[in-house]
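Q: model17.cif is reproduced in full below (mmCIF, C-alpha atoms).
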```
data_coords
#
loop_
_atom_site.label_atom_id
_atom_site.label_comp_id
_atom_site.auth_asym_id
_atom_site.auth_seq_id
_atom_site.Cartn_x
_atom_site.Cartn_y
_atom_site.Cartn_z
CA MET A 1 0.00 0.00 0.00
CA LYS A 2 1.93 2.98 -1.27
CA ILE A 3 0.99 6.61 -0.76
CA ALA A 4 2.32 9.65 -2.62
CA VAL A 5 2.60 12.77 -0.51
CA MET A 6 2.59 15.57 -3.06
CA GLN A 7 5.11 18.36 -2.76
CA PHE A 8 4.82 21.66 -4.62
CA PRO A 9 7.15 24.63 -4.17
CA GLY A 10 5.96 26.15 -0.91
CA THR A 11 4.34 23.03 0.55
CA ASN A 12 5.41 22.83 4.19
CA CYS A 13 3.58 19.91 5.83
CA GLU A 14 4.82 17.05 3.66
CA TYR A 15 7.17 15.53 6.22
CA GLU A 16 4.60 15.43 9.05
CA THR A 17 2.08 13.97 6.64
CA LEU A 18 4.52 11.29 5.56
CA VAL A 19 5.24 10.42 9.20
CA ALA A 20 1.49 10.00 9.76
CA VAL A 21 1.11 7.87 6.62
CA LYS A 22 3.89 5.54 7.76
CA ALA A 23 2.71 5.44 11.37
CA VAL A 24 -0.56 3.77 10.37
CA GLY A 25 1.32 1.11 8.44
CA MET A 26 1.25 2.43 4.90
CA ASP A 27 4.31 2.87 2.76
CA GLY A 28 4.83 6.32 1.32
CA GLU A 29 7.14 8.81 -0.26
CA ILE A 30 7.24 12.48 -1.09
CA PHE A 31 6.36 13.07 -4.73
CA ARG A 32 7.82 16.27 -6.14
CA TRP A 33 5.65 18.22 -8.55
CA ASN A 34 8.26 18.08 -11.30
CA ARG A 35 8.65 14.30 -11.40
CA SER A 36 7.25 12.55 -14.41
CA GLU A 37 3.50 12.56 -13.91
CA GLY A 38 3.29 9.05 -15.33
CA GLU A 39 4.92 7.76 -12.14
CA LEU A 40 1.84 8.74 -10.14
CA SER A 41 -0.07 5.70 -11.33
CA GLY A 42 2.20 3.49 -9.23
CA PHE A 43 0.59 4.69 -6.00
CA ASP A 44 -2.55 3.54 -4.22
CA GLY A 45 -3.47 6.88 -2.68
CA TYR A 46 -2.45 10.52 -2.46
CA PHE A 47 -2.16 13.28 0.10
CA ILE A 48 -1.77 16.93 -0.88
CA PRO A 49 -0.42 18.53 2.29
CA GLY A 50 -0.74 22.05 3.56
CA GLY A 51 1.53 25.01 3.08
CA PHE A 52 1.71 27.88 0.66
CA SER A 53 2.23 26.39 -2.78
CA TYR A 54 3.77 29.00 -5.03
CA GLN A 55 3.55 31.47 -2.15
CA ASP A 56 -0.24 31.70 -2.69
CA ARG A 57 0.47 33.86 -5.75
CA ILE A 58 -2.72 35.14 -7.41
CA ARG A 59 -4.74 33.11 -4.90
CA ALA A 60 -4.13 30.04 -2.77
CA GLY A 61 -3.71 26.83 -4.77
CA VAL A 62 -4.32 28.13 -8.27
CA ILE A 63 -0.79 27.87 -9.71
CA ALA A 64 -0.29 24.33 -8.39
CA SER A 65 -3.66 23.35 -9.86
CA LYS A 66 -2.29 24.08 -13.35
CA GLU A 67 0.72 21.77 -13.01
CA PRO A 68 0.74 18.67 -15.27
CA VAL A 69 0.95 16.45 -12.20
CA MET A 70 -2.55 17.58 -11.24
CA GLN A 71 -3.96 16.33 -14.52
CA ALA A 72 -2.38 12.96 -13.76
CA LEU A 73 -3.85 13.09 -10.26
CA LYS A 74 -7.31 13.69 -11.75
CA GLU A 75 -6.89 10.55 -13.81
CA GLU A 76 -5.92 8.53 -10.73
CA ALA A 77 -8.85 9.99 -8.79
CA ALA A 78 -11.17 8.95 -11.61
CA LYS A 79 -10.06 5.36 -10.97
CA GLY A 80 -11.43 5.67 -7.44
CA LYS A 81 -8.10 6.02 -5.65
CA PRO A 82 -8.22 8.12 -2.49
CA VAL A 83 -6.99 11.72 -2.63
CA VAL A 84 -6.92 13.83 0.53
CA GLY A 85 -6.14 17.54 0.35
CA ILE A 86 -5.32 19.25 3.62
CA CYS A 87 -5.56 23.04 3.93
CA ASN A 88 -3.57 24.28 0.91
CA GLY A 89 -4.19 20.83 -0.55
CA PHE A 90 -7.95 21.47 -0.26
CA GLN A 91 -7.47 24.83 -2.01
CA ILE A 92 -5.57 23.08 -4.82
CA LEU A 93 -8.34 20.48 -5.20
CA VAL A 94 -10.96 23.24 -5.46
CA GLU A 95 -8.97 25.23 -8.00
CA SER A 96 -8.37 22.11 -10.09
CA GLY A 97 -12.08 21.21 -10.14
CA LEU A 98 -11.56 17.90 -8.29
CA LEU A 99 -13.80 19.31 -5.56
CA PRO A 100 -16.71 19.51 -5.27
CA GLY A 101 -16.25 17.11 -8.15
CA THR A 102 -18.09 18.47 -11.15
CA GLY A 103 -14.86 19.11 -13.05
CA ARG A 104 -15.62 22.84 -12.96
CA ILE A 105 -14.58 25.44 -10.46
CA ASP A 106 -17.83 25.57 -8.54
CA MET A 107 -16.68 27.23 -5.33
CA ALA A 108 -13.89 29.21 -3.77
CA LEU A 109 -12.02 29.11 -0.50
CA ALA A 110 -12.00 32.84 0.06
CA GLN A 111 -10.41 35.13 2.64
CA ASN A 112 -11.47 34.41 6.21
CA VAL A 113 -14.15 36.73 7.61
CA MET A 114 -15.02 36.08 11.24
CA VAL A 115 -18.55 37.16 12.11
CA SER A 116 -20.11 37.34 15.56
CA GLN A 117 -23.56 38.76 16.35
CA GLY A 118 -23.81 40.27 12.89
CA LYS A 119 -20.50 42.10 13.12
CA ILE A 120 -17.15 41.32 11.54
CA VAL A 121 -14.84 40.86 14.48
CA ARG A 122 -11.74 39.70 12.71
CA ARG A 123 -10.34 38.94 9.27
CA GLY A 124 -7.44 37.10 7.76
CA TYR A 125 -5.00 34.43 8.84
CA TYR A 126 -6.00 32.49 11.93
CA CYS A 127 -4.51 29.60 13.94
CA ASP A 128 -6.42 27.72 16.60
CA TRP A 129 -7.61 24.34 17.80
CA VAL A 130 -11.07 23.65 16.47
CA ASN A 131 -13.69 20.99 17.00
CA LEU A 132 -14.99 19.15 13.97
CA ARG A 133 -18.16 17.13 13.65
CA HIS A 134 -18.15 14.30 11.15
CA ASP A 135 -21.38 14.91 9.26
CA ALA A 136 -21.23 12.19 6.62
CA PRO A 137 -22.23 8.60 7.26
CA SER A 138 -19.55 6.05 7.95
CA LYS A 139 -17.81 4.76 4.78
CA ARG A 140 -19.09 7.70 2.70
CA CYS A 141 -15.64 9.20 2.22
CA SER A 142 -12.11 7.83 1.94
CA GLY A 143 -10.61 10.18 4.54
CA SER A 144 -13.30 9.52 7.14
CA PHE A 145 -14.10 5.92 6.22
CA ILE A 146 -13.96 4.55 9.77
CA MET A 147 -15.72 7.48 11.46
CA GLU A 148 -19.33 7.37 12.58
CA ARG A 149 -21.68 10.21 11.76
CA GLY A 150 -21.57 12.73 14.58
CA SER A 151 -18.14 11.77 15.88
CA LEU A 152 -16.00 14.67 17.04
CA LEU A 153 -12.37 15.48 16.36
CA LYS A 154 -10.13 18.14 17.83
CA ILE A 155 -7.75 19.33 15.16
CA PRO A 156 -5.81 22.55 14.56
CA ILE A 157 -6.33 25.02 11.73
CA ALA A 158 -3.90 27.57 10.31
CA HIS A 159 -5.08 29.42 7.23
CA GLY A 160 -6.09 32.75 5.76
CA GLU A 161 -8.34 31.49 2.99
CA GLY A 162 -10.73 28.80 4.19
CA ASN A 163 -14.05 30.54 3.84
CA LEU A 164 -16.10 28.34 1.52
CA VAL A 165 -18.21 30.53 -0.78
CA THR A 166 -20.07 29.73 -3.96
CA THR A 167 -22.30 31.40 -6.49
CA THR A 168 -23.29 28.08 -8.04
CA PRO A 169 -27.04 27.79 -7.54
CA LYS A 170 -28.04 25.00 -5.17
CA LEU A 171 -24.47 23.73 -4.72
CA ILE A 172 -24.68 23.77 -0.93
CA GLU A 173 -28.07 22.07 -1.05
CA GLN A 174 -26.60 19.42 -3.34
CA LEU A 175 -23.58 18.89 -1.07
CA ASN A 176 -25.92 18.41 1.88
CA ASP A 177 -28.35 16.14 0.01
CA GLN A 178 -25.57 13.93 -1.33
CA GLU A 179 -23.81 13.82 2.03
CA GLN A 180 -20.69 15.39 0.61
CA VAL A 181 -20.25 17.65 3.62
CA VAL A 182 -17.79 15.58 5.60
CA PHE A 183 -16.74 17.93 8.42
CA ARG A 184 -18.28 21.01 10.00
CA TYR A 185 -16.81 23.30 12.63
CA CYS A 186 -18.66 22.82 15.92
CA ASP A 187 -18.31 23.46 19.62
CA LYS A 188 -16.95 20.87 22.06
CA ASN A 189 -20.40 19.32 22.35
CA GLY A 190 -20.87 18.95 18.61
CA ARG A 191 -23.22 21.92 18.18
CA VAL A 192 -22.75 23.81 14.93
CA ILE A 193 -22.96 27.53 15.66
CA ASN A 194 -22.52 29.48 12.49
CA GLU A 195 -20.51 32.30 13.92
CA PHE A 196 -17.07 33.05 15.31
CA PRO A 197 -15.35 31.57 17.27
CA VAL A 198 -17.08 28.25 16.53
CA ASN A 199 -17.18 28.93 12.82
CA VAL A 200 -13.57 30.04 12.63
CA ASN A 201 -13.46 31.49 9.14
CA GLY A 202 -16.99 32.42 8.06
CA SER A 203 -17.35 29.33 5.88
CA THR A 204 -20.84 28.76 4.50
CA GLN A 205 -22.83 26.54 6.89
CA SER A 206 -19.61 26.04 8.91
CA ILE A 207 -18.28 23.62 6.32
CA ALA A 208 -14.72 22.49 7.07
CA GLY A 209 -14.38 19.59 4.64
CA ILE A 210 -16.16 18.11 1.64
CA CYS A 211 -15.79 15.10 -0.61
CA ASN A 212 -16.57 14.48 -4.28
CA PRO A 213 -19.74 12.57 -5.26
CA ASP A 214 -17.83 9.25 -5.33
CA GLY A 215 -16.35 9.91 -1.91
CA ASN A 216 -12.74 9.10 -2.79
CA VAL A 217 -11.55 12.74 -2.89
CA LEU A 218 -11.62 14.66 0.40
CA GLY A 219 -10.61 18.25 1.06
CA MET A 220 -10.41 19.66 4.57
CA MET A 221 -9.02 22.90 5.99
CA PRO A 222 -7.89 21.53 9.41
CA HIS A 223 -4.59 19.67 9.75
CA PRO A 224 -5.03 16.06 10.96
CA GLU A 225 -1.28 15.43 10.75
CA ARG A 226 -0.81 18.05 13.46
CA SER A 227 -2.95 16.10 15.91
CA PHE A 228 -1.86 12.63 14.88
CA PHE A 229 -0.13 11.90 18.19
CA ALA A 230 -1.59 12.77 21.58
CA TRP A 231 1.57 14.69 22.46
CA GLN A 232 0.75 17.17 19.71
CA LEU A 233 -2.44 18.23 21.49
CA PRO A 234 -2.54 21.57 23.35
CA SER A 235 -1.37 21.68 26.94
CA PHE A 236 -4.92 22.08 28.30
CA ASP A 237 -5.95 18.74 26.80
CA PRO A 238 -5.44 15.91 29.33
CA ARG A 239 -4.68 13.43 26.54
CA LYS A 240 -1.45 15.30 25.84
CA HIS A 241 0.20 13.64 28.82
CA ARG A 242 -0.23 10.15 27.42
CA PRO A 243 2.63 10.34 24.95
CA ASP A 244 2.06 6.97 23.32
CA ALA A 245 -1.64 7.55 22.75
CA ALA A 246 -3.14 8.32 19.37
CA GLY A 247 -4.37 11.82 18.62
CA PRO A 248 -7.70 12.49 16.92
CA GLY A 249 -6.13 13.24 13.53
CA ARG A 250 -4.90 9.66 13.27
CA ARG A 251 -8.37 8.53 12.25
CA VAL A 252 -8.11 10.36 8.92
CA PHE A 253 -5.00 8.38 8.02
CA GLU A 254 -6.44 5.11 9.35
CA SER A 255 -9.53 5.79 7.24
CA VAL A 256 -7.51 6.10 4.05
CA LYS A 257 -5.73 2.84 4.86
CA ARG A 258 -9.02 1.04 5.50
CA TYR A 259 -10.57 2.54 2.36
CA ILE A 260 -7.69 1.17 0.25
CA GLU A 261 -7.95 -2.25 1.92
CA VAL A 262 -11.69 -2.44 1.23
CA SER A 263 -11.36 -1.13 -2.33
CA ALA A 264 -8.63 -3.60 -3.27
CA MET B 265 -18.62 67.13 -4.49
CA SER B 266 -16.72 63.89 -4.10
CA GLN B 267 -13.62 63.08 -6.08
CA MET B 268 -11.91 59.77 -6.82
CA ILE B 269 -8.17 59.58 -6.31
CA ASN B 270 -6.70 56.66 -8.21
CA LEU B 271 -3.33 55.54 -6.92
CA ARG B 272 -1.57 53.02 -9.13
CA VAL B 273 1.29 51.28 -7.31
CA TRP B 274 3.83 48.86 -8.75
CA LEU B 275 7.06 47.25 -7.64
CA LYS B 276 10.26 48.68 -8.99
CA ILE B 277 12.08 45.57 -7.81
CA PRO B 278 11.31 42.34 -9.72
CA ASP B 279 7.71 41.24 -9.24
CA ALA B 280 7.81 37.50 -8.54
CA GLU B 281 4.03 37.13 -8.68
CA ALA B 282 3.84 38.67 -12.16
CA ALA B 283 6.71 36.41 -13.25
CA THR B 284 4.84 33.35 -11.96
CA VAL B 285 1.70 34.40 -13.83
CA LYS B 286 3.73 34.85 -17.00
CA ASN B 287 5.40 31.43 -16.59
CA THR B 288 2.11 29.69 -15.89
CA LEU B 289 0.40 31.27 -18.88
CA ALA B 290 3.31 30.50 -21.20
CA ARG B 291 4.32 27.05 -19.95
CA ARG B 292 1.09 25.57 -18.65
CA LEU B 293 -1.78 27.27 -20.42
CA GLY B 294 -0.48 27.59 -23.99
CA TYR B 295 -0.03 31.36 -24.31
CA GLY B 296 3.71 31.21 -25.00
CA ASN B 297 3.37 32.40 -28.60
CA VAL B 298 1.14 35.38 -27.91
CA LEU B 299 2.25 36.62 -24.52
CA ASN B 300 5.21 38.98 -24.44
CA ASP B 301 5.07 39.99 -20.79
CA VAL B 302 2.96 40.34 -17.68
CA LYS B 303 3.16 43.20 -15.20
CA LYS B 304 1.08 43.95 -12.16
CA GLU B 305 -0.11 47.02 -10.29
CA ARG B 306 -2.13 47.55 -7.15
CA LEU B 307 -4.89 50.09 -7.53
CA PHE B 308 -6.29 52.12 -4.65
CA SER B 309 -9.40 54.11 -5.58
CA ILE B 310 -9.91 56.54 -2.73
CA GLU B 311 -13.09 58.61 -2.66
CA VAL B 312 -12.86 61.93 -0.81
CA ASP B 313 -15.67 64.41 -0.21
CA CYS B 314 -13.61 67.59 0.12
CA GLY B 315 -10.07 68.95 -0.03
CA ASP B 316 -7.41 69.46 -2.67
CA ALA B 317 -7.29 66.08 -4.42
CA GLU B 318 -3.75 66.60 -5.75
CA GLU B 319 -2.40 67.37 -2.28
CA LEU B 320 -4.39 64.56 -0.69
CA ALA B 321 -3.05 62.13 -3.30
CA LYS B 322 0.51 63.04 -2.28
CA SER B 323 -0.33 62.44 1.37
CA PHE B 324 -2.00 59.10 0.63
CA ALA B 325 0.98 58.01 -1.45
CA LYS B 326 3.27 58.72 1.51
CA GLU B 327 1.20 56.35 3.63
CA LEU B 328 0.43 53.60 1.11
CA VAL B 329 3.58 53.43 -1.02
CA ASN B 330 6.98 52.22 0.13
CA GLU B 331 9.31 54.27 -2.03
CA ASN B 332 12.20 51.92 -1.34
CA LYS B 333 10.59 49.26 -3.48
CA GLU B 334 7.53 50.79 -5.11
CA SER B 335 6.61 53.50 -7.55
CA CYS B 336 3.22 55.08 -8.09
CA LYS B 337 1.17 57.23 -10.38
CA VAL B 338 -1.86 59.33 -9.46
CA SER B 339 -4.88 60.23 -11.50
CA ILE B 340 -7.90 62.15 -10.30
CA ASP B 341 -11.35 60.91 -11.27
CA GLU B 342 -10.37 59.27 -14.52
CA LEU B 343 -8.24 56.16 -14.77
CA ARG B 344 -6.03 56.04 -17.83
CA PHE B 345 -3.71 53.31 -19.02
CA GLU B 346 -0.94 53.40 -21.55
CA GLU B 347 -1.11 51.61 -24.86
CA GLY B 348 0.74 48.35 -25.51
CA TYR B 349 -1.01 46.06 -23.07
CA VAL B 350 -4.48 44.99 -22.02
CA PRO B 351 -5.25 46.07 -18.45
CA VAL B 352 -7.36 43.54 -16.54
CA LYS B 353 -8.79 44.82 -13.29
CA VAL B 354 -9.43 42.08 -10.71
CA ALA B 355 -11.28 42.85 -7.48
CA LEU B 356 -12.98 40.86 -4.77
CA LYS B 357 -16.72 40.53 -5.14
CA ILE B 358 -16.99 39.42 -1.55
CA GLU B 359 -16.19 41.99 1.11
CA ASP B 360 -12.63 43.28 0.78
CA GLY B 361 -11.21 43.35 4.28
CA GLU B 362 -7.95 44.96 3.19
CA ALA B 363 -9.79 47.84 1.52
CA ILE B 364 -11.85 48.38 4.67
CA SER B 365 -8.70 48.31 6.82
CA THR B 366 -7.05 50.85 4.51
CA ARG B 367 -10.08 53.13 4.72
CA GLU B 368 -10.13 52.91 8.51
CA ARG B 369 -6.38 53.49 8.71
CA LEU B 370 -6.63 56.64 6.59
CA ARG B 371 -9.77 57.94 8.23
CA SER B 372 -9.47 57.00 11.87
CA ARG B 373 -5.79 56.53 12.57
CA LEU B 374 -4.28 59.10 10.21
CA GLY B 375 -7.03 61.69 10.47
CA PHE B 376 -8.13 61.93 6.83
CA THR B 377 -11.77 62.40 7.78
CA ASN B 378 -12.64 63.40 4.22
CA VAL B 379 -12.04 59.80 3.03
CA VAL B 380 -15.44 58.36 2.17
CA ASP B 381 -14.45 54.99 0.74
CA VAL B 382 -11.48 52.96 -0.44
CA LYS B 383 -11.57 50.25 -3.06
CA LYS B 384 -8.67 47.99 -3.93
CA ALA B 385 -7.96 46.03 -7.06
CA THR B 386 -5.12 44.36 -8.90
CA ILE B 387 -4.39 45.47 -12.43
CA TRP B 388 -2.82 42.73 -14.53
CA LYS B 389 -1.10 44.26 -17.56
CA LEU B 390 -1.06 41.62 -20.28
CA TYR B 391 1.31 42.37 -23.16
CA LEU B 392 -0.32 40.31 -25.88
CA CYS B 393 0.37 40.13 -29.57
CA GLY B 394 -1.71 38.69 -32.37
CA MET B 395 -5.39 38.97 -33.11
CA ASP B 396 -7.97 40.20 -30.64
CA PRO B 397 -5.88 40.72 -27.51
CA GLU B 398 -8.94 41.77 -25.47
CA LEU B 399 -10.64 38.45 -26.13
CA ARG B 400 -7.45 36.63 -25.14
CA ALA B 401 -7.21 38.72 -22.01
CA LYS B 402 -10.76 37.75 -21.13
CA LYS B 403 -9.91 34.07 -21.51
CA ILE B 404 -6.77 34.49 -19.41
CA ALA B 405 -8.75 36.21 -16.68
CA GLU B 406 -11.26 33.39 -16.54
CA GLU B 407 -8.67 30.61 -16.78
CA LEU B 408 -6.21 31.91 -14.23
CA LEU B 409 -6.64 35.36 -12.77
CA ILE B 410 -10.00 35.01 -11.05
CA ASN B 411 -12.15 32.53 -9.21
CA PRO B 412 -15.65 33.66 -10.22
CA HIS B 413 -17.07 32.71 -6.84
CA LYS B 414 -15.10 35.44 -5.10
CA ASP B 415 -13.56 37.71 -7.73
CA THR B 416 -14.78 39.99 -10.50
CA TYR B 417 -12.80 41.25 -13.44
CA GLU B 418 -13.05 43.97 -16.01
CA ILE B 419 -11.06 44.47 -19.18
CA LEU B 420 -10.16 48.13 -19.15
CA GLY B 421 -9.52 50.06 -22.31
CA THR B 422 -6.21 51.77 -22.82
CA ASP B 423 -5.79 55.50 -22.96
CA ARG B 424 -9.42 56.19 -22.20
CA ALA B 425 -11.38 57.44 -19.23
CA GLU B 426 -12.81 55.11 -16.63
CA ASN B 427 -14.94 55.82 -13.57
#
```
Using structure tokens, write down the structure from this file.
A:
Amino acid sequence: MKIAVMQFPGTNCEYETLVAVKAVGMDGEIFRWNRSEGELSGFDGYFIPGGFSYQDRIRAGVIASKEPVMQALKEEAAKGKPVVGICNGFQILVESGLLPGTGRIDMALAQNVMVSQGKIVRRGYYCDWVNLRHDAPSKRCSGSFIMERGSLLKIPIAHGEGNLVTTTPKLIEQLNDQEQVVFRYCDKNGRVINEFPVNVNGSTQSIAGICNPDGNVLGMMPHPERSFFAWQLPSFDPRKHRPDAAGPGRRVFESVKRYIEVSA
Amino acid sequence: MSQMINLRVWLKIPDAEAATVKNTLARRLGYGNVLNDVKKERLFSIEVDCGDAEELAKSFAKELVNENKESCKVSIDELRFEEGYVPVKVALKIEDGEAISTRERLRSRLGFTNVVDVKKATIWKLYLCGMDPELRAKKIAEELLINPHKDTYEILGTDRAEN
């Protein structure tokens, strides 16, 4: 079971992601954007990690989305192989049309706008620990394959452009109806409150992650590789002091492994 | 009577973002034969309701332009571009937080109480050759320069009045 962790100029989470891939028992390697795209077919799954590909020039993810390797990745995704985009990886998937999966650019991850009680209280780049609610049914999506609907994860975010907006009529309705909304920002009890600080970036309906109609491509703004081990959790979390314990982000990587096992 | 102060700002050091746009258009999107160059400007359109616009423009430039690395050009009310390229104006269609911050900085922190509004945009200057450069510029805008769910664009004419 071999995973390619994609690396574009400016990607900065590829090594942590690779550690997480290997820690759940998958083989993996970093795949540079300028390798022959034909080599991509030799992998069973793909992660596009976070960072600032091409320094977010023009807008986050758009330059990387035009690289030939992304066309090859689309072909592998069409075969049903799992593709998980994290943060900047999610932005690249949106700009390439792999998400929400119509082949067109049907949405944007725009600049964060934090709204509370009808007022904008903050804008721009934001780092914090957030709570996510898994809103899709179990086995709906490669990156959350082993999670039950309603399960909660504590995972950090760090981004300036994660505010999901769309002008495509009925897109959000369609994402909800087809259970493509995989993660939503919520409070510690799982309640979705569509304003800051629970909705950390102003994203429509507090959406934090979506999948394509087939479920094999997942994009999410939070960073599961940064809460893979319990010791990565914040100091106020009691689980932090159990250094050998798994962190909540591990389930994303275990899901991809299980998805590949089941699909084989 | 309100007046619009247009402040065009560009880097006088190499602009890496413009170079990346040029490379992507030439090497990834097939415009290598028709694209001679790409340059970029930031545009501040600052609406004021009183005062000497020429003097205000100088004051705004002092605050918004870093002369160590940037140059600027001011025009009052009308926005004119030189010939030789197609200017594509890209702006956010969702709320522009940076423009609001700039307005508040000028009005509240720096005391320019006559500032009514500030709008920001990026002007991509596409040096295109061949037939119908405006149509090509439109395609380029839609293929690369904007995401229609958050941005708008406008192909501006050269050497003619806008606003």
Q: May I ask for the distance between atom CA of His241 of chain A and atom CA of Phe229 of chain A, given in Å to one decimal place?
A: 10.8 Å
Q: Can you work out which residues from chain A touch chain B at a cut-off of 9 Å (counting all atoms listed in the file) and hand them back as a PyMOL selection string?
A: chain A and resi 54-55+57-59+62-63+66-68+95+105-111+113+123-124+165-168
Q: Return the single residue from B:Glu346, B:Glu406, B:Asp396, B:Asp381 that is closest to Val298 of chain B, with distances computed using only C-alpha atoms.
A: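 Closest to Val298 of chain B of all the choices is B:Asp396.
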Q: At a cut-off of 9 Å, using only C-alpha atoms, what residues contact Asn201 of chain A? Leave out same-chain residues fewer than 4 positions from it and give the result as JSON, numbers by chain.
A: {"A": [111, 112, 113, 114, 115, 123, 124, 125, 126, 159, 160, 161, 162, 163, 164, 195, 196, 197, 206]}
Q: At a cut-off of 6 Å, using all atoms listed in the file, what residues contact Val84 of chain A? Leave out same-chain residues fewer than 6 positions from it and give the result as a tab-separated table (two decimals) with C-alpha atoms, keeping the file's coordinate frame.
A:
```tsv
chain	number	residue	atom	x	y	z
A	47	PHE	CA	-2.16	13.28	0.10
A	217	VAL	CA	-11.55	12.74	-2.89
A	218	LEU	CA	-11.62	14.66	0.40
A	219	GLY	CA	-10.61	18.25	1.06
```
Q: Show me, as a VMD selection string, the residues that have an atom within 8 Å of Cys186 of chain A when counting only C-alpha atoms, minus same-chain residues fewer than 4 positions from it.
A: chain A and resid 130 to 133 190 to 193 198 to 199 206
Q: Quick check on the file I pasted: which residues fall under the PyMOL selection byres ((chain A and resi 149) around 12)? Write them as a list in words.
A: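 Selected by the PyMOL selection byres ((chain A and resi 149) around 12) in this file: Leu132, Arg133, His134, Asp135, Ala136, Pro137, Ser138, Lys139, Arg140, Cys141, Ser144, Phe145, Ile146, Met147, Glu148, Gly150, Ser151, Leu152, Leu153, Glu179, Val181, Val182, Phe183, Arg184 and Gly190 of chain A.
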Q: Can you pull out every residue within 8 Å of Arg272 of chain B, counting only C-alpha atoms, but drop anything in the same chain fewer than 4 positions away, and send it as a PyMOL selection string?
A: chain B and resi 305-308+336-338
Q: To test your reading of the syntax: which residues would the PyMOL selection byres ((chain B and resi 314) around 9) return for the file shown? Reply as JSON, numbers by chain.
A: {"B": [265, 266, 267, 312, 313, 315, 316, 317, 378, 379]}
Q: For Tyr391 of chain B, which of B:Glu418, B:Glu347, B:Asp279, B:Asp301 is the closest residue, counting only C-alpha atoms?
A: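 Among B:Glu418, B:Glu347, B:Asp279, B:Asp301, it is B:Asp301 that comes nearest to Tyr391 of chain B.
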